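> Below is one structure. I have some questions about it.
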Amino acid sequence: MRVEIWTDINCPFCYIGKFRFEQALDAFPHKDQVQVVHRSFELDPTIAKGDTGLVVPHIAEKYGISEEQAAANEQGLGQQAQALGLPYLTAGRDYGNSFDLHRLLHLAHEKGVQNAMIDALYRGNFAEQGSVFADEEHVVRLAVDAGLDEAEVRAVLADPDKYADEVRADEREAAELGANGVPFFVLDRKFGVSGAQPAEVFTQALTQAWDSRSPLTVIDSADGGDACGPDGCAVPQS
């Protein structure tokens with residue numbers, strides 16, 4: 001079974017939702033037969049590269065609330081994260097353009113370390129001092145910690161076209177699937193789960209998706225068709 005998760009590094013609910021999903025997956029009896037792939041979604045693709053700022057005043061302006069209310073929201077998010085054992089900086093975090101980070105996640109997928117890479121980026125954004133949007137050296141260190149080769153990371157960051165098509169393809173697919181927010185979980189392209197749901201909801205979705213899998217139907221003639229197998233190929237009879 002394949003689970004695709006559309007996320008953005010800017011998104012605190014993606015950070016929390018990934019942990020809750022993994023709680024459900026860890027207890028799922030068929031865990032070893034579930035492939036998880038992380039897909040790209042930019043919460044605000046209009047933010048220019050290098051244009052960063054503090055989260056609290058940004059949220060206040062975006063939603064028309066006071067900075068005190070925005071700060072209280074961050075405190076609430078911090079409490080949710082900390083209840084799960086996730087570190088969370090409730091003050092001093094920044095926001096920014098995440099396109100390059102998504103490109104690196106595609107590199108990480110190609111190299112087989114995508115899960116470690118997204119965890120490193122979440123840690124760098126939500127739990128550590130420093131910026132994943134304005135400090136390229138910070139991002140390189142996180143990527144190397146996740147298992148990527150430093151030279152390859154720097155080469156991707158230096159080439160804005162590398163994996164750009166893959167990121168945009170993910171974003172088109174999200175729109176086609178009806179995802180207008182993240183996190184968005186798609187199970188075997190049959191079931192969708194929107195938001196950082198409780199682990200129990202993910203357990204139900206995993207179970208339902210697994211139980212709904214259809215067995216393979218083989219279409220064959222009564223005489224069978226010529227085929228090759230471990231013992232060789234059938235010899236045509238004249």
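We name chains A, B, ... following the order of the structure tokens; residues begin at 1 in each chain, and ligands are numbered from 1 as shown.
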Going by DSSP on the backbone, which residues of stretch 38-212 of chain A come out as strand (DSSP E)? List them as a list in words.
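Of stretch 38-212 of chain A, only His38, Arg39, Ser40, Gly53, Leu54, Asp94, Tyr95, Phe184, Phe185, Val186, Leu187, Phe191, Gly192, Val193 and Ser194 of chain A fall in strand (DSSP E).
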> Can you build me a table of stretch 27-114 of chain A residues sitting at most 8 Å from stretch 167-173 of chain A, with the closest atom pair per residue and its distance in Å to one decimal, using only C-alpha atoms, sorted by chain and residue number, as a Markdown table?

```
| residue | atom | partner | partner_atom | distance |
| --- | --- | --- | --- | --- |
| A:Arg39 | CA | A:Asp170 | CA | 5.9 |
| A:Ser40 | CA | A:Asp170 | CA | 5.4 |
| A:Phe41 | CA | A:Glu171 | CA | 5.5 |
| A:Glu42 | CA | A:Glu171 | CA | 7.7 |
| A:Phe99 | CA | A:Val167 | CA | 7.7 |
| A:His102 | CA | A:Val167 | CA | 6.5 |
| A:Arg103 | CA | A:Val167 | CA | 6.4 |
| A:His106 | CA | A:Val167 | CA | 7.7 |
```
> Could you tell me which of A:Ala70, A:Ala158, A:Ile9, A:Ala116 comes closest to A:Asp44 if we count only C-alpha atoms?
A:Ile9
> Considering only C-alpha atoms, return as a PyMOL selection string whatever protein or nucleic-acid residues lie within 12 Å of A:Glu150, sequence-local ones (same chain, fewer than 2 positions apart) excluded.
chain A and resi 104+107-108+136-148+152-157
> Go through stretch 1-110 of chain A and collect every residue that DSSP, computed from the backbone, puts in helix (DSSP H, G or I); the answer should be as a PyMOL selection string.
chain A and resi 12-27+31-33+55-63+67-83+99-110
> Leaving out A:Leu89 and any residue of its chain fewer than 4 positions from it, which residues lie within 12 Å of it when counting only C-alpha atoms, given as a list in words?
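These residues fall inside the cut-off: Pro12, Val55, Val56, Ala71, Glu74, Gln75, Gly76, Leu77, Gly78, Gln79, Ala81, Gln82, Arg93, Asp94, Tyr122, Arg123, Gly124, Asn125, Phe126, Ala127, Glu128, Gln129 and Gly130 of chain A.
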> Between A:Leu105, A:Ser214, A:Leu187, A:Gly178, which one has atoms that come closest to A:Tyr163, using only C-alpha atoms?
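For A:Tyr163, the nearest of the given residues is A:Leu105.
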> Quick one: residues within 12 Å of A:Pro29, only C-alpha atoms, excluding same-chain residues fewer than 5 positions away - as a list in words?
Ala24, Val34, Thr203, Leu206, Thr207 and Trp210 of chain A
> Quick one: everything within 12 Å of A:Pro57, counting only C-alpha atoms, minus sequence neighbours fewer than 6 positions away in the same chain. Send it as a short mmCIF file (atom, residue, chain, number, x, y, z; two decimals) with all heavy atoms, in the first residue's frame.

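New file result21.cif:
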```cif
data_model
loop_
_atom_site.label_atom_id
_atom_site.label_comp_id
_atom_site.auth_asym_id
_atom_site.auth_seq_id
_atom_site.Cartn_x
_atom_site.Cartn_y
_atom_site.Cartn_z
N TYR A 63 -4.10 37.19 8.72
CA TYR A 63 -5.45 36.82 9.14
C TYR A 63 -6.20 37.96 9.82
O TYR A 63 -7.32 37.77 10.30
CB TYR A 63 -5.38 35.60 10.08
CG TYR A 63 -4.90 34.35 9.37
CD1 TYR A 63 -3.60 33.89 9.55
CD2 TYR A 63 -5.73 33.65 8.50
CE1 TYR A 63 -3.14 32.77 8.88
CE2 TYR A 63 -5.29 32.52 7.84
CZ TYR A 63 -3.99 32.09 8.02
OH TYR A 63 -3.55 30.97 7.37
N GLY A 64 -5.59 39.13 9.87
CA GLY A 64 -6.26 40.28 10.43
C GLY A 64 -6.52 40.17 11.92
O GLY A 64 -7.58 40.58 12.42
N ILE A 65 -5.56 39.62 12.65
CA ILE A 65 -5.69 39.49 14.10
C ILE A 65 -4.54 40.26 14.75
O ILE A 65 -3.61 40.70 14.08
CB ILE A 65 -5.68 38.01 14.55
CG1 ILE A 65 -4.36 37.33 14.13
CG2 ILE A 65 -6.88 37.27 13.97
CD1 ILE A 65 -4.23 35.87 14.59
N SER A 66 -4.62 40.41 16.05
CA SER A 66 -3.55 41.12 16.75
C SER A 66 -2.33 40.22 16.89
O SER A 66 -2.43 38.98 16.82
CB SER A 66 -4.02 41.57 18.13
OG SER A 66 -4.20 40.43 18.98
N GLU A 67 -1.18 40.84 17.12
CA GLU A 67 0.02 40.03 17.35
C GLU A 67 -0.09 39.22 18.63
O GLU A 67 0.48 38.13 18.73
CB GLU A 67 1.26 40.91 17.37
CG GLU A 67 1.61 41.49 16.01
CD GLU A 67 3.02 42.04 15.93
OE1 GLU A 67 3.84 41.70 16.82
OE2 GLU A 67 3.31 42.80 14.99
N GLU A 68 -0.86 39.74 19.60
CA GLU A 68 -1.07 38.98 20.84
C GLU A 68 -1.84 37.70 20.55
O GLU A 68 -1.53 36.63 21.09
CB GLU A 68 -1.83 39.83 21.86
CG GLU A 68 -1.02 40.99 22.45
CD GLU A 68 -0.83 42.15 21.48
OE1 GLU A 68 -1.58 42.22 20.47
OE2 GLU A 68 0.08 42.98 21.71
N GLN A 69 -2.86 37.82 19.68
CA GLN A 69 -3.63 36.63 19.30
C GLN A 69 -2.76 35.64 18.52
O GLN A 69 -2.83 34.43 18.73
CB GLN A 69 -4.84 37.03 18.47
CG GLN A 69 -5.94 37.73 19.25
CD GLN A 69 -7.04 38.25 18.33
OE1 GLN A 69 -6.77 39.01 17.41
NE2 GLN A 69 -8.27 37.83 18.57
N ALA A 70 -1.95 36.17 17.60
CA ALA A 70 -1.07 35.31 16.82
C ALA A 70 -0.06 34.59 17.73
O ALA A 70 0.23 33.41 17.55
CB ALA A 70 -0.35 36.12 15.76
N ALA A 71 0.46 35.31 18.70
CA ALA A 71 1.41 34.71 19.65
C ALA A 71 0.73 33.63 20.48
O ALA A 71 1.32 32.58 20.77
CB ALA A 71 2.00 35.78 20.55
N ALA A 72 -0.53 33.88 20.87
CA ALA A 72 -1.28 32.88 21.63
C ALA A 72 -1.52 31.63 20.79
O ALA A 72 -1.46 30.50 21.30
CB ALA A 72 -2.61 33.47 22.10
N ASN A 73 -1.77 31.84 19.49
CA ASN A 73 -1.93 30.69 18.60
C ASN A 73 -0.66 29.85 18.55
O ASN A 73 -0.70 28.62 18.55
CB ASN A 73 -2.30 31.15 17.19
CG ASN A 73 -3.71 31.71 17.10
OD1 ASN A 73 -4.54 31.47 17.97
ND2 ASN A 73 -3.97 32.47 16.04
N GLU A 74 0.48 30.53 18.49
CA GLU A 74 1.76 29.81 18.48
C GLU A 74 1.96 29.05 19.79
O GLU A 74 2.46 27.93 19.79
CB GLU A 74 2.92 30.79 18.26
CG GLU A 74 3.14 31.16 16.81
CD GLU A 74 3.62 29.98 15.99
OE1 GLU A 74 4.73 29.47 16.22
OE2 GLU A 74 2.85 29.55 15.10
N ALA A 91 8.45 31.19 19.75
CA ALA A 91 8.81 32.58 19.47
C ALA A 91 10.11 32.60 18.67
O ALA A 91 10.98 31.76 18.85
CB ALA A 91 8.98 33.38 20.76
N GLY A 92 10.21 33.58 17.76
CA GLY A 92 11.43 33.77 17.01
C GLY A 92 11.53 33.00 15.71
O GLY A 92 12.51 33.14 14.98
N ARG A 93 10.53 32.16 15.40
CA ARG A 93 10.58 31.43 14.13
C ARG A 93 10.29 32.37 12.96
O ARG A 93 9.61 33.37 13.10
CB ARG A 93 9.56 30.29 14.12
CG ARG A 93 9.89 29.12 15.00
CD ARG A 93 9.07 27.87 14.64
NE ARG A 93 7.63 28.12 14.62
CZ ARG A 93 6.90 28.19 13.52
NH1 ARG A 93 7.46 28.06 12.33
NH2 ARG A 93 5.59 28.40 13.60
N ASP A 94 10.79 31.97 11.79
CA ASP A 94 10.51 32.76 10.60
C ASP A 94 9.75 31.94 9.57
O ASP A 94 9.51 30.74 9.75
CB ASP A 94 11.80 33.34 10.00
CG ASP A 94 12.73 32.27 9.44
OD1 ASP A 94 12.50 31.08 9.69
OD2 ASP A 94 13.71 32.65 8.77
N TYR A 95 9.35 32.58 8.51
CA TYR A 95 8.67 31.92 7.39
C TYR A 95 9.43 32.29 6.13
O TYR A 95 10.29 33.18 6.13
CB TYR A 95 7.21 32.38 7.28
CG TYR A 95 7.09 33.83 6.85
CD1 TYR A 95 6.97 34.17 5.50
CD2 TYR A 95 7.14 34.86 7.79
CE1 TYR A 95 6.89 35.51 5.11
CE2 TYR A 95 7.06 36.19 7.41
CZ TYR A 95 6.94 36.51 6.07
OH TYR A 95 6.88 37.82 5.68
#
```
> For A:Asp135, which residue out of A:Gln204, A:Gly50, A:Phe185, A:Arg213 is the nearest one, using only C-alpha atoms?
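For A:Asp135, the nearest of the candidates is A:Gly50.
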> Kindly indicate which residue among A:Leu43, A:Leu84, A:Ala60, A:Val193 lies nearest to A:Gly181, using only C-alpha atoms for the distances.
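Among A:Leu43, A:Leu84, A:Ala60, A:Val193, it is A:Leu43 that comes nearest to A:Gly181.
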> Tell me which of A:Gln23, A:Ile16, A:Leu54, A:Ala175 sits closest to A:Tyr88, counting only C-alpha atoms.
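Of A:Gln23, A:Ile16, A:Leu54, A:Ala175, the one nearest A:Tyr88 is A:Ile16, counting only C-alpha atoms.
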